[in-house]
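Coordinates as given in coords.csv (CSV, C-alpha atoms and all ligand atoms):
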```csv
chain,number,residue,atom,x,y,z
A,25,MET,CA,89.9,25.6,59.2
A,26,ARG,CA,89.4,21.9,58.7
A,27,VAL,CA,92.7,20.0,59.3
A,28,LEU,CA,93.2,16.3,58.3
A,29,ILE,CA,96.1,14.2,59.5
A,30,ILE,CA,96.6,11.0,57.5
A,31,GLY,CA,98.5,8.6,59.7
A,32,ALA,CA,97.5,10.1,63.1
A,33,SER,CA,97.9,6.7,64.7
A,34,GLY,CA,101.7,6.9,64.0
A,35,PHE,CA,104.4,8.6,66.1
A,36,VAL,CA,104.7,11.9,64.2
A,37,GLY,CA,101.0,12.0,63.4
A,38,SER,CA,100.0,11.6,67.0
A,39,ARG,CA,102.3,14.5,68.0
A,40,LEU,CA,100.7,16.7,65.2
A,41,GLN,CA,97.3,15.9,66.5
A,42,ALA,CA,98.4,17.0,70.0
A,43,ALA,CA,99.8,20.2,68.5
A,44,PHE,CA,96.4,21.0,67.1
A,45,LEU,CA,94.9,20.1,70.5
A,46,GLY,CA,92.7,17.5,68.8
A,47,ASN,CA,91.0,20.1,66.6
A,48,CYS,CA,91.5,18.0,63.5
A,49,VAL,CA,90.4,14.8,61.9
A,50,GLY,CA,92.9,11.9,62.0
A,51,THR,CA,93.1,8.6,60.3
A,52,TYR,CA,94.7,5.2,61.1
A,53,CYS,CA,95.3,2.2,58.8
A,54,THR,CA,96.0,-1.0,60.8
A,55,HIS,CA,96.2,0.3,64.4
A,56,ALA,CA,92.7,1.4,65.4
A,57,VAL,CA,92.7,4.4,67.7
A,58,PRO,CA,89.4,5.7,69.3
A,59,GLY,CA,88.3,8.8,67.5
A,60,LEU,CA,90.4,8.2,64.4
A,61,HIS,CA,88.9,7.1,61.0
A,62,PRO,CA,90.1,4.1,59.0
A,63,LEU,CA,91.8,5.0,55.7
A,64,ASP,CA,94.2,3.1,53.5
A,65,VAL,CA,96.1,5.5,51.2
A,66,ARG,CA,96.5,2.6,48.7
A,67,ASP,CA,92.7,2.7,48.0
A,68,ALA,CA,92.4,5.7,45.6
A,69,ASP,CA,88.6,5.7,45.6
A,70,ALA,CA,88.4,5.6,49.4
A,71,VAL,CA,91.0,8.4,49.6
A,72,ARG,CA,89.1,10.6,47.1
A,73,ARG,CA,85.7,10.0,48.8
A,74,PHE,CA,87.0,10.7,52.3
A,75,ILE,CA,88.7,13.9,51.2
A,76,ALA,CA,85.8,15.1,49.0
A,77,ASP,CA,83.4,14.5,52.0
A,78,LEU,CA,85.6,16.3,54.5
A,79,THR,CA,86.9,19.1,52.2
A,80,PRO,CA,89.8,19.9,54.5
A,81,ASN,CA,91.8,23.1,53.9
A,82,LEU,CA,95.0,21.5,55.2
A,83,ILE,CA,96.2,17.9,54.9
A,84,PHE,CA,99.2,16.5,56.7
A,85,HIS,CA,100.6,13.2,55.4
A,86,PRO,CA,102.9,11.5,57.8
A,87,ALA,CA,101.5,8.1,56.8
A,88,ALA,CA,104.1,5.8,55.4
A,89,GLN,CA,105.6,2.4,55.4
A,90,ALA,CA,108.6,3.6,57.4
A,91,HIS,CA,110.4,0.4,58.1
A,92,VAL,CA,113.5,0.9,56.0
A,93,ASP,CA,114.7,-2.8,56.0
A,94,TRP,CA,111.2,-4.1,55.3
A,95,CYS,CA,110.9,-1.8,52.3
A,96,GLU,CA,114.2,-3.1,50.9
A,97,THR,CA,112.8,-6.6,50.7
A,98,HIS,CA,109.2,-5.6,49.9
A,99,VAL,CA,109.7,-3.2,47.0
A,100,SER,CA,106.3,-3.3,45.5
A,101,GLU,CA,104.5,-3.1,48.8
A,102,SER,CA,106.7,-0.1,49.7
A,103,PHE,CA,105.8,1.5,46.4
A,104,GLU,CA,102.1,1.0,46.9
A,105,VAL,CA,102.1,2.9,50.2
A,106,ASN,CA,105.0,5.3,49.8
A,107,VAL,CA,104.6,6.3,46.2
A,108,ARG,CA,101.1,5.4,44.9
A,109,GLY,CA,99.5,6.2,48.2
A,110,VAL,CA,101.1,9.7,48.1
A,111,ARG,CA,99.9,10.2,44.6
A,112,ASN,CA,96.3,9.3,45.6
A,113,VAL,CA,96.3,11.8,48.5
A,114,ALA,CA,98.0,14.6,46.5
A,115,GLN,CA,95.5,14.2,43.7
A,116,ALA,CA,92.6,14.2,46.1
A,117,ALA,CA,94.1,17.3,47.8
A,118,ARG,CA,94.3,19.1,44.5
A,119,GLU,CA,90.7,18.3,43.7
A,120,VAL,CA,89.4,20.0,46.9
A,121,GLY,CA,92.0,22.8,46.8
A,122,ALA,CA,93.7,21.8,50.1
A,123,ARG,CA,97.2,22.7,51.2
A,124,TYR,CA,99.2,19.5,51.3
A,125,VAL,CA,102.0,18.8,53.8
A,126,TYR,CA,104.1,15.7,53.1
A,127,PHE,CA,106.7,14.2,55.4
A,128,SER,CA,109.9,13.0,53.7
A,129,SER,CA,113.3,11.9,55.0
A,130,ASP,CA,117.0,12.5,55.2
A,131,TYR,CA,117.3,9.1,53.5
A,132,VAL,CA,116.8,10.9,50.1
A,133,PHE,CA,120.5,11.7,50.5
A,134,ASN,CA,123.4,9.2,50.1
A,135,GLY,CA,125.2,10.1,53.4
A,136,ALA,CA,128.5,10.9,51.8
A,137,ALA,CA,128.7,14.5,53.1
A,138,GLY,CA,125.9,15.3,55.4
A,139,PRO,CA,124.3,17.1,57.1
A,140,TYR,CA,122.4,18.3,54.0
A,141,ALA,CA,120.6,21.6,53.4
A,142,GLU,CA,117.5,21.9,51.2
A,143,GLY,CA,119.5,22.8,48.1
A,144,ALA,CA,121.7,19.6,48.2
A,145,THR,CA,121.2,17.0,45.4
A,146,PRO,CA,119.3,13.9,46.5
A,147,ASP,CA,120.8,10.5,45.8
A,148,PRO,CA,119.1,7.8,47.8
A,149,LEU,CA,120.9,4.6,48.7
A,150,ASN,CA,117.9,2.3,49.5
A,151,VAL,CA,114.4,1.5,48.3
A,152,TYR,CA,112.7,3.6,51.1
A,153,GLY,CA,114.8,6.6,50.2
A,154,ARG,CA,114.1,6.2,46.5
A,155,HIS,CA,110.4,5.9,47.1
A,156,LYS,CA,110.3,9.0,49.4
A,157,LEU,CA,112.1,10.9,46.6
A,158,GLU,CA,109.7,9.7,44.0
A,159,ALA,CA,106.8,10.8,46.1
A,160,GLU,CA,108.4,14.2,46.4
A,161,SER,CA,108.6,14.6,42.7
A,162,ILE,CA,104.9,13.5,42.2
A,163,ILE,CA,103.8,16.2,44.7
A,164,VAL,CA,105.8,18.9,43.0
A,165,LYS,CA,104.1,18.0,39.7
A,166,CYS,CA,100.7,17.5,41.1
A,167,LEU,CA,100.0,20.6,43.1
A,168,ASP,CA,101.6,24.0,43.9
A,169,ASN,CA,100.2,24.5,47.4
A,170,HIS,CA,102.5,22.0,49.1
A,171,LEU,CA,105.1,21.6,51.7
A,172,ILE,CA,107.7,18.8,51.6
A,173,VAL,CA,109.0,18.5,55.2
A,174,ARG,CA,112.2,16.3,55.4
A,175,VAL,CA,112.8,15.0,58.9
A,176,CYS,CA,115.5,12.9,60.6
A,177,GLY,CA,115.9,10.9,63.8
A,178,VAL,CA,112.7,11.8,65.5
A,179,TYR,CA,112.5,10.9,69.2
A,180,GLY,CA,110.1,11.5,72.0
A,181,TYR,CA,107.7,9.9,74.3
A,182,GLN,CA,105.5,7.3,72.5
A,183,ARG,CA,103.4,4.7,74.3
A,184,ASP,CA,104.7,1.3,73.3
A,185,GLY,CA,107.0,3.3,71.0
A,186,LYS,CA,109.9,2.0,69.0
A,187,ASN,CA,111.7,5.2,68.4
A,188,PHE,CA,115.4,5.2,69.2
A,189,VAL,CA,115.2,6.7,72.7
A,190,MET,CA,112.1,4.7,73.7
A,191,SER,CA,114.0,1.5,72.6
A,192,LEU,CA,117.1,2.6,74.5
A,193,LEU,CA,115.2,3.3,77.7
A,194,ASP,CA,113.5,-0.1,77.4
A,195,ARG,CA,116.8,-2.0,76.9
A,196,GLY,CA,118.6,0.0,79.5
A,197,ARG,CA,116.1,-0.7,82.2
A,198,ARG,CA,116.1,-4.4,81.4
A,199,GLY,CA,119.9,-4.3,81.3
A,200,GLU,CA,119.9,-5.8,77.8
A,201,LEU,CA,122.9,-5.2,75.6
A,202,MET,CA,122.1,-2.7,72.8
A,203,ASN,CA,124.3,-2.4,69.6
A,204,VAL,CA,124.6,1.2,68.6
A,205,PRO,CA,126.4,2.2,65.4
A,206,CYS,CA,129.1,4.9,65.9
A,207,ASP,CA,129.3,5.6,62.2
A,208,GLN,CA,125.8,6.8,61.6
A,209,TRP,CA,125.4,10.5,61.9
A,210,GLY,CA,122.1,12.3,62.0
A,211,THR,CA,120.2,15.3,63.5
A,212,PRO,CA,118.0,14.1,66.4
A,213,THR,CA,114.7,15.9,66.4
A,214,TYR,CA,112.3,16.1,69.3
A,215,ALA,CA,108.8,15.0,68.1
A,216,ASP,CA,106.7,17.6,69.9
A,217,ASN,CA,109.0,20.4,68.7
A,218,LEU,CA,108.8,19.0,65.2
A,219,ALA,CA,105.0,19.0,65.3
A,220,ALA,CA,104.9,22.6,66.7
A,221,VAL,CA,107.3,23.9,64.0
A,222,VAL,CA,105.5,22.1,61.2
A,223,LYS,CA,102.2,23.4,62.4
A,224,GLU,CA,103.5,26.9,62.3
A,225,LEU,CA,105.0,26.3,58.8
A,226,ALA,CA,101.8,24.8,57.5
A,227,LEU,CA,99.8,27.9,58.7
A,228,SER,CA,102.3,30.2,57.0
A,229,ILE,CA,102.3,31.2,53.3
A,230,HIS,CA,105.5,29.3,52.6
A,231,ARG,CA,105.7,26.5,50.0
A,232,GLY,CA,108.3,24.0,48.9
A,233,VAL,CA,110.9,21.8,50.5
A,234,PHE,CA,111.9,22.5,54.2
A,235,HIS,CA,114.2,20.6,56.5
A,236,VAL,CA,112.8,20.5,60.0
A,237,VAL,CA,115.4,18.9,62.4
A,238,GLY,CA,117.3,19.6,65.6
A,239,PRO,CA,120.3,21.9,65.2
A,240,GLU,CA,123.1,19.3,66.2
A,241,CYS,CA,124.5,16.6,64.0
A,242,MET,CA,125.9,13.7,66.0
A,243,ASP,CA,126.6,10.0,65.8
A,244,ARG,CA,124.1,7.6,67.3
A,245,MET,CA,126.4,6.5,70.1
A,246,ALA,CA,127.0,10.1,71.2
A,247,PHE,CA,123.2,10.6,71.2
A,248,ALA,CA,122.7,7.4,73.1
A,249,ARG,CA,125.2,8.4,75.8
A,250,LEU,CA,123.5,11.8,76.1
A,251,ALA,CA,120.1,10.1,76.5
A,252,CYS,CA,121.6,7.8,79.3
A,253,ALA,CA,122.9,10.9,81.1
A,254,VAL,CA,119.6,12.7,80.9
A,255,PHE,CA,117.6,9.7,82.1
A,256,GLY,CA,120.1,8.6,84.7
A,257,LEU,CA,121.0,5.3,83.1
A,258,ASP,CA,124.4,3.6,83.4
A,259,PRO,CA,125.5,3.5,79.7
A,260,GLY,CA,127.2,0.1,80.2
A,261,PHE,CA,124.5,-1.7,78.2
A,262,LEU,CA,125.5,0.3,75.1
A,263,ARG,CA,127.8,-1.6,72.7
A,264,PRO,CA,129.4,0.6,70.1
A,265,CYS,CA,129.6,-1.0,66.7
A,266,GLY,CA,129.9,-0.3,63.0
A,267,THR,CA,126.8,-0.3,60.7
A,268,GLU,CA,128.3,-3.2,58.8
A,269,GLU,CA,128.1,-5.4,61.8
A,270,LEU,CA,124.3,-4.9,62.0
A,271,ARG,CA,123.8,-6.7,58.7
A,272,GLN,CA,120.7,-4.6,57.9
A,273,ALA,CA,118.9,-5.3,54.6
A,274,ALA,CA,119.0,-1.7,53.5
A,275,PRO,CA,122.2,0.3,53.1
A,276,ARG,CA,122.3,3.4,55.4
A,277,PRO,CA,123.5,6.9,54.6
A,278,LEU,CA,126.3,7.2,57.2
A,279,ARG,CA,127.2,10.9,57.2
A,280,GLY,CA,123.5,11.8,57.1
A,281,GLY,CA,121.4,14.4,58.8
A,282,LEU,CA,119.8,17.6,57.6
A,283,VAL,CA,120.4,21.3,58.1
A,284,ALA,CA,117.2,23.3,58.7
A,285,ALA,CA,118.7,26.1,56.6
A,286,LYS,CA,115.4,27.8,55.6
A,287,VAL,CA,113.0,27.4,58.5
A,288,GLY,CA,115.1,29.0,61.2
A,289,ALA,CA,114.9,32.5,59.8
A,290,LEU,CA,111.2,32.3,59.0
A,291,LEU,CA,109.5,31.0,62.1
A,292,ALA,CA,109.0,32.1,65.8
A,293,ILE,CA,109.4,28.6,67.3
A,294,PRO,CA,113.1,27.6,67.7
A,295,LEU,CA,114.3,24.1,66.9
A,296,LEU,CA,115.5,22.4,70.0
A,297,GLY,CA,118.9,20.7,70.5
A,298,PRO,CA,119.1,17.1,71.8
A,299,HIS,CA,119.8,18.0,75.5
A,300,GLN,CA,116.7,20.3,75.6
A,301,GLY,CA,114.6,17.8,73.7
A,302,LEU,CA,115.5,14.9,76.0
A,303,GLU,CA,114.9,17.0,79.1
A,304,LEU,CA,111.4,17.8,77.9
A,305,MET,CA,110.8,14.2,77.0
A,306,LYS,CA,111.9,13.2,80.5
A,307,ARG,CA,109.7,15.9,82.1
A,308,GLN,CA,106.7,14.6,80.1
A,309,MET,CA,107.4,11.0,81.3
A,310,VAL,CA,107.8,12.1,84.9
A,311,ARG,CA,104.5,14.0,84.7
A,312,GLU,CA,102.8,10.9,83.5
A,313,ASP,CA,104.8,8.7,85.9
A,314,LEU,CA,106.3,6.7,83.1
A,315,THR,CA,110.0,6.7,84.0
A,316,GLN,CA,110.0,3.5,86.1
B,401,LIG,N1,110.4,8.8,62.8
B,401,LIG,C1,111.5,9.2,62.2
B,401,LIG,O1,112.6,9.2,62.8
B,401,LIG,C2,111.5,9.6,60.7
B,401,LIG,C3,112.7,10.0,60.1
B,401,LIG,C4,112.6,10.4,58.7
B,401,LIG,C5,111.4,10.4,58.1
B,401,LIG,N2,110.3,10.1,58.7
B,401,LIG,C6,109.0,10.1,58.0
B,401,LIG,O2,108.1,10.8,58.8
B,401,LIG,C7,106.8,10.2,58.6
B,401,LIG,C8,106.2,9.8,60.0
B,401,LIG,O3,107.0,8.8,60.5
B,401,LIG,P1,106.5,8.0,61.9
B,401,LIG,O4,107.8,7.8,62.6
B,401,LIG,O5,105.4,8.7,62.5
B,401,LIG,O6,106.0,6.6,61.3
B,401,LIG,P2,105.1,5.6,62.0
B,401,LIG,O7,105.1,5.8,63.5
B,401,LIG,O8,105.5,4.2,61.5
B,401,LIG,O9,103.6,5.9,61.5
B,401,LIG,C9,103.2,5.6,60.2
B,401,LIG,C10,101.8,5.9,60.0
B,401,LIG,O10,101.4,5.6,58.7
B,401,LIG,C11,100.2,4.9,58.7
B,401,LIG,N3,100.1,4.0,57.6
B,401,LIG,C12,100.9,3.0,57.2
B,401,LIG,N4,100.5,2.4,56.1
B,401,LIG,C13,99.4,3.1,55.7
B,401,LIG,C14,98.4,3.0,54.6
B,401,LIG,N5,98.6,2.0,53.7
B,401,LIG,N6,97.4,3.9,54.6
B,401,LIG,C15,97.3,4.8,55.5
B,401,LIG,N7,98.1,5.0,56.6
B,401,LIG,C16,99.1,4.1,56.7
B,401,LIG,C17,100.2,4.1,60.0
B,401,LIG,O11,98.9,3.7,60.4
B,401,LIG,P3,98.7,2.3,61.3
B,401,LIG,O12,99.8,2.3,62.3
B,401,LIG,O13,97.4,2.6,61.9
B,401,LIG,O14,98.7,1.2,60.3
B,401,LIG,C18,100.8,5.2,60.9
B,401,LIG,O15,99.8,6.1,61.3
B,401,LIG,C19,106.9,9.1,57.6
B,401,LIG,O16,106.7,9.6,56.3
B,401,LIG,C20,108.4,8.8,57.7
B,401,LIG,O17,108.9,8.2,56.5
B,401,LIG,C21,110.3,9.7,60.0
```

The structure in this file should be written as structure tokens.
Amino acid sequence: MRVLIIGASGFVGSRLQAAFLGNCVGTYCTHAVPGLHPLDVRDADAVRRFIADLTPNLIFHPAAQAHVDWCETHVSESFEVNVRGVRNVAQAAREVGARYVYFSSDYVFNGAAGPYAEGATPDPLNVYGRHKLEAESIIVKCLDNHLIVRVCGVYGYQRDGKNFVMSLLDRGRRGELMNVPCDQWGTPTYADNLAAVVKELALSIHRGVFHVVGPECMDRMAFARLACAVFGLDPGFLRPCGTEELRQAAPRPLRGGLVAAKVGALLAIPLLGPHQGLELMKRQMVREDLTQ
């Protein structure tokens, strides 16, 4: 089986690559990584040529412009990557008969009444969420053999990483104050667990929309305190605040998060809660001597 990961230089893409033990082809766009191929999903011809040459059986697409506030102020640039780019890959996947696995987000929901199961009606609040939803509907129309995997609050070890826990560890060790919203709820998801579950799902016969997230819905402050407890940090640098105070460009779904209602019953690999995920992350960092 030939497996292609578009966006293997990113956080989720790199964990997927690890889940396949490197037995896959991966791409980067702006952050060159040895062994990965350059590919910009905005370039339809390049995407078609690359996929026609490789003829993968399975394509993962975690590539995205995932900076939510940037998307809010750069609508056409976000559209090019997050909508047109997805159409380019989905069409190329259809042409070679590949199975297509796209990564979407809990931000397709409005955060009035989360956590949301797969059957809930999307109603995005911001540009990023609207573009993710538009991409989903393009995929549904373009090819049958697809998975749309919605994720939320992914954390884990990431070299030079900016995910919530990596930022928290960085701030905490430097004793820098960190504003953490108490009114944003989500379902923290351990990246390596996400990759293992999505791999299993991709290799199954299932199609359609799946939520793949940790089983506990919690607010960011509660998760931050838990991370401090696991990593042995004094939580004094955490400053609880409201989302409004952060003056972010894009509105956030507050009561967000997802329920992995479908995947739990289908697969052998369990979805890990935040305590287990953080412990595994810490163990990995201790192994690689990265906790100092
Ligand atoms: N992380 C989360 O908590 C979270 C939550 C909800 C949904 N998601 C979704 O999950 C997916 C993966 O997120 P992530 O955290 O791994 O994001 P990430 O770390 O920002 O990685 C994004 C990837 O997309 C690539 N990329 C960006 N623009 C591209 C372009 N024009 N052409 C080709 N590749 C391009 C990047 O390549 P370069 O870096 O080489 O440019 C990188 O490999 C995204 O679809 C995101 O929307 C993530």

Environment of ligand LIG 401 (chain B) within 9 Å, counting all atoms listed in the file, reported as a PyMOL selection string: chain A and resi 30-39+51-57+62-67+85-92+104-106+109+126-131+152-153+156+173-179+185-188+212-213+215

For those residues, write C-alpha atoms to a file as a tab-separated table (two decimals), keeping the file's coordinate frame.
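Result file result23.tsv:
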```tsv
chain	number	residue	atom	x	y	z
A	30	ILE	CA	96.60	11.00	57.50
A	31	GLY	CA	98.50	8.60	59.70
A	32	ALA	CA	97.50	10.10	63.10
A	33	SER	CA	97.90	6.70	64.70
A	34	GLY	CA	101.70	6.90	64.00
A	35	PHE	CA	104.40	8.60	66.10
A	36	VAL	CA	104.70	11.90	64.20
A	37	GLY	CA	101.00	12.00	63.40
A	38	SER	CA	100.00	11.60	67.00
A	39	ARG	CA	102.30	14.50	68.00
A	51	THR	CA	93.10	8.60	60.30
A	52	TYR	CA	94.70	5.20	61.10
A	53	CYS	CA	95.30	2.20	58.80
A	54	THR	CA	96.00	-1.00	60.80
A	55	HIS	CA	96.20	0.30	64.40
A	56	ALA	CA	92.70	1.40	65.40
A	57	VAL	CA	92.70	4.40	67.70
A	62	PRO	CA	90.10	4.10	59.00
A	63	LEU	CA	91.80	5.00	55.70
A	64	ASP	CA	94.20	3.10	53.50
A	65	VAL	CA	96.10	5.50	51.20
A	66	ARG	CA	96.50	2.60	48.70
A	67	ASP	CA	92.70	2.70	48.00
A	85	HIS	CA	100.60	13.20	55.40
A	86	PRO	CA	102.90	11.50	57.80
A	87	ALA	CA	101.50	8.10	56.80
A	88	ALA	CA	104.10	5.80	55.40
A	89	GLN	CA	105.60	2.40	55.40
A	90	ALA	CA	108.60	3.60	57.40
A	91	HIS	CA	110.40	0.40	58.10
A	92	VAL	CA	113.50	0.90	56.00
A	104	GLU	CA	102.10	1.00	46.90
A	105	VAL	CA	102.10	2.90	50.20
A	106	ASN	CA	105.00	5.30	49.80
A	109	GLY	CA	99.50	6.20	48.20
A	126	TYR	CA	104.10	15.70	53.10
A	127	PHE	CA	106.70	14.20	55.40
A	128	SER	CA	109.90	13.00	53.70
A	129	SER	CA	113.30	11.90	55.00
A	130	ASP	CA	117.00	12.50	55.20
A	131	TYR	CA	117.30	9.10	53.50
A	152	TYR	CA	112.70	3.60	51.10
A	153	GLY	CA	114.80	6.60	50.20
A	156	LYS	CA	110.30	9.00	49.40
A	173	VAL	CA	109.00	18.50	55.20
A	174	ARG	CA	112.20	16.30	55.40
A	175	VAL	CA	112.80	15.00	58.90
A	176	CYS	CA	115.50	12.90	60.60
A	177	GLY	CA	115.90	10.90	63.80
A	178	VAL	CA	112.70	11.80	65.50
A	179	TYR	CA	112.50	10.90	69.20
A	185	GLY	CA	107.00	3.30	71.00
A	186	LYS	CA	109.90	2.00	69.00
A	187	ASN	CA	111.70	5.20	68.40
A	188	PHE	CA	115.40	5.20	69.20
A	212	PRO	CA	118.00	14.10	66.40
A	213	THR	CA	114.70	15.90	66.40
A	215	ALA	CA	108.80	15.00	68.10
```

Using all atoms listed in the file for the distances, tell me which of A:Ile29, A:Val189, A:Val287, A:Ala114 is nearest to Val233 of chain A.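 Closest to Val233 of chain A, using all atoms listed in the file: A:Val287.
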
Which residue is closest to Leu45 of chain A? Choose from A:Asp258, A:Val27, A:Arg307, A:Val237 and count only C-alpha atoms.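 Counting only C-alpha atoms, the residue closest to Leu45 of chain A is A:Val27.
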
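Comparing A:Val151, A:Val132, A:Leu171, A:Leu302 by their smallest distance to Lys223 of chain A, the closest is A:Leu171 (using only C-alpha atoms).
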
Which of these, A:Ser102, A:Thr267, A:Gln115, A:Asn217, has the shortest distance to Ala43 of chain A once you count only C-alpha atoms? A:Asn217

Compare A:Leu291, A:Gly210, A:Val222, A:Gly196 by their minimum atom-to-atom distance to Gly256 of chain A, counting only C-alpha atoms, and give me the closest one.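 Using only C-alpha atoms, the shortest distance to Gly256 of chain A belongs to A:Gly196.
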
Taken to one decimal, the atom CA of Cys265 of chain A-atom CA of Cys252 of chain A distance is 17.3 Å
